[in-house]
Amino acid sequence: MIIRNLADRNKKGADTEVVDGQQRLTTIYEFTQGGFSINDELSKRIVRDNSDSYEFDIANNAGKETEAIKFYKKFKKGQKVSLTYGTLSSLMKADFDSYNMALTYISHHDDNVIAEYFRFVQNQERLRAGEIINSIPDSLLEQYLMQVDSKSLLFKLSWEDKRKEFDKLFYAAIGIFDEKLPLGGVDSDIIEYVKNSAGIAGRALERTNLLITQLQALSKDETWNFSSGINKRFVKFLCMLCGYGYVDFSKNPKEKLQQLFVVNKKLSAFSSAKATALSNEFVGYTEEQIENYRLIALISKGSQKWDMVEERMRLLAVLMNEVKI
């Protein structure tokens with residue numbers, strides 16, 4: 001989806017406009033407003049694959065029958081059902097609400113540049129298109145990023161081709177420490193924060209320096225490397241844990257990174273469409289342990305405030321410590 005920031009407000013008073021993806025956006029909005037439902041056959045397939053999430057709602061609503069629970073009971077009786085936004089289970093709704101859409105923002109460019117951008121995008125020349133619209137602006141915060149040997153670190157993470165993504169995650173971590181950005185903020189918010197930052201101080205600076213120290217230690221350590229399997233959530237959690245200091249990656253880094261890898265992999269079960277995903281992934285785990293993993297999975301979705309992020313990162317460190325390597 002591509003959004004253009006307008007230099008002047010349009011006739012409707014808006015300062016942005018969706019230039020690609022209007023149909024998708026309208027469809028999503030109409031679904032959340034109850035504008036349409038999903039047919040019986042597809043609804044049953046979706047509910048069948050996500051029955052665990054409905055059972056979770058039943059177990060955690062103390063006998064209260066929500067719209068989703070009533071819908072699920074109707075499904076279990078074999079009656080005709082039609083899935084709507086209101087009848088999604090709480091976990092399905094959380095996944096829906098926090099789904100990250102790929103957004104590209106275009107600012108300070110005339111119609112000719114935008115036309116050129118679309119020409120390259122339509123020809124699948126994504127890299128060239130990205131060069132036309134530069135994402136990360138120059139900033140006072142760049143001095144902190146420059147202290148990290150990103151090349152070595154990303155090579156060891158097998159993330160060499162994701163330098164821009166790493167830069168955004170690094171700046172996002174600083175923004176969270178600075179209490180200016182939420183976890184899970186959109187790219188445009190990160191870019192705006194970086195562009196307008198007048199610098200950091202106090203606890204934000206302390207945590208940023210600790211983040212740099214730990215990432216540098218990891219970049220220089222020769223005992224570990226990943227050949228594959230590292231995703232954005234892993235790197236995001238790594239940055240947060242480093243800055244908060246809940247895990248000391250300078251000691252036994254290979255073991256601790258593997259622990260984070262195991263926890264991060266298990267979190268994927270909460271987003272799986274397979275009905276047996278949770279039971280297969282958490283064999284032998286107590287309900288309390290599974291609930292703790294669910295809390296971490298939820299913090300990685302949507303926009304989360306600073307106190308909640310810090311609390312969940314402390315819990316993540318505990319879960320990592322429970323993993324036996």
# chains A, B, ... in the order shown; residues from 1 in each chain; ligands from 1
>>> closest_atom_pairs(of="range 227-247 of chain A", to="range 194-207 of chain A", cutoff="12 Å", atoms="only C-alpha atoms", output="JSON lines")
{"residue": "A:Cys239", "atom": "CA", "partner": "A:Arg207", "partner_atom": "CA", "distance": 10.2}
{"residue": "A:Met240", "atom": "CA", "partner": "A:Arg207", "partner_atom": "CA", "distance": 9.2}
{"residue": "A:Leu241", "atom": "CA", "partner": "A:Arg207", "partner_atom": "CA", "distance": 10.0}
{"residue": "A:Cys242", "atom": "CA", "partner": "A:Arg207", "partner_atom": "CA", "distance": 8.2}
{"residue": "A:Gly243", "atom": "CA", "partner": "A:Arg207", "partner_atom": "CA", "distance": 4.7}
{"residue": "A:Tyr244", "atom": "CA", "partner": "A:Arg207", "partner_atom": "CA", "distance": 6.1}
{"residue": "A:Gly245", "atom": "CA", "partner": "A:Arg207", "partner_atom": "CA", "distance": 7.8}
{"residue": "A:Tyr246", "atom": "CA", "partner": "A:Arg207", "partner_atom": "CA", "distance": 11.1}
>>> select_by_dssp(residues="range 198-246 of chain A", states="helix (DSSP H, G or I)", output="MDAnalysis selection string")
chainID A and resid 202:220 232:244
>>> closest_residue(among="A:Met92, A:Leu157, A:Ala173, A:Ala14", to="Phe237 in chain A", atoms="only C-alpha atoms")
A:Ala173
>>> closest_residue(among="A:Ser271, A:Asn264, A:Thr27, A:Ser82", to="Glu41 in chain A", atoms="only C-alpha atoms")
A:Ser82
>>> atom_distance(atom1="CA of Asp95 in chain A", atom2="CA of Glu281 in chain A")
18.6 Å
>>> decode(residues="range 171-182 of chain A", atoms="N, CA, C and O atoms", output="short mmCIF file (atom, residue, chain, number, x, y, z; two decimals), in the first residue's frame")
data_model
loop_
_atom_site.label_atom_id
_atom_site.label_comp_id
_atom_site.auth_asym_id
_atom_site.auth_seq_id
_atom_site.Cartn_x
_atom_site.Cartn_y
_atom_site.Cartn_z
N TYR A 171 16.68 2.32 15.52
CA TYR A 171 16.13 3.63 15.86
C TYR A 171 14.82 3.49 16.65
O TYR A 171 14.54 4.30 17.54
N ALA A 172 14.03 2.47 16.31
CA ALA A 172 12.77 2.25 17.03
C ALA A 172 13.05 1.93 18.50
O ALA A 172 12.33 2.38 19.40
N ALA A 173 14.11 1.14 18.74
CA ALA A 173 14.48 0.81 20.12
C ALA A 173 14.85 2.08 20.89
O ALA A 173 14.42 2.27 22.04
N ILE A 174 15.61 2.96 20.26
CA ILE A 174 15.96 4.23 20.91
C ILE A 174 14.70 5.03 21.21
O ILE A 174 14.55 5.61 22.29
N GLY A 175 13.78 5.05 20.26
CA GLY A 175 12.53 5.78 20.45
C GLY A 175 11.70 5.23 21.61
O GLY A 175 11.04 5.99 22.33
N ILE A 176 11.76 3.92 21.81
CA ILE A 176 11.05 3.31 22.94
C ILE A 176 11.75 3.67 24.25
O ILE A 176 11.10 4.04 25.23
N PHE A 177 13.08 3.59 24.26
CA PHE A 177 13.83 3.99 25.47
C PHE A 177 13.58 5.46 25.80
O PHE A 177 13.54 5.86 26.96
N ASP A 178 13.39 6.26 24.75
CA ASP A 178 13.15 7.69 24.89
C ASP A 178 11.68 8.00 25.20
O ASP A 178 11.31 9.16 25.37
N GLU A 179 10.87 6.94 25.22
CA GLU A 179 9.43 7.05 25.47
C GLU A 179 8.75 7.99 24.48
O GLU A 179 7.87 8.78 24.82
N LYS A 180 9.18 7.86 23.24
CA LYS A 180 8.58 8.65 22.16
C LYS A 180 7.92 7.76 21.11
O LYS A 180 7.12 8.25 20.32
N LEU A 181 8.26 6.48 21.12
CA LEU A 181 7.69 5.54 20.16
C LEU A 181 7.15 4.31 20.90
O LEU A 181 7.76 3.87 21.87
N PRO A 182 6.05 3.75 20.43
CA PRO A 182 5.57 2.48 21.00
C PRO A 182 6.24 1.31 20.29
O PRO A 182 6.74 1.46 19.18
#
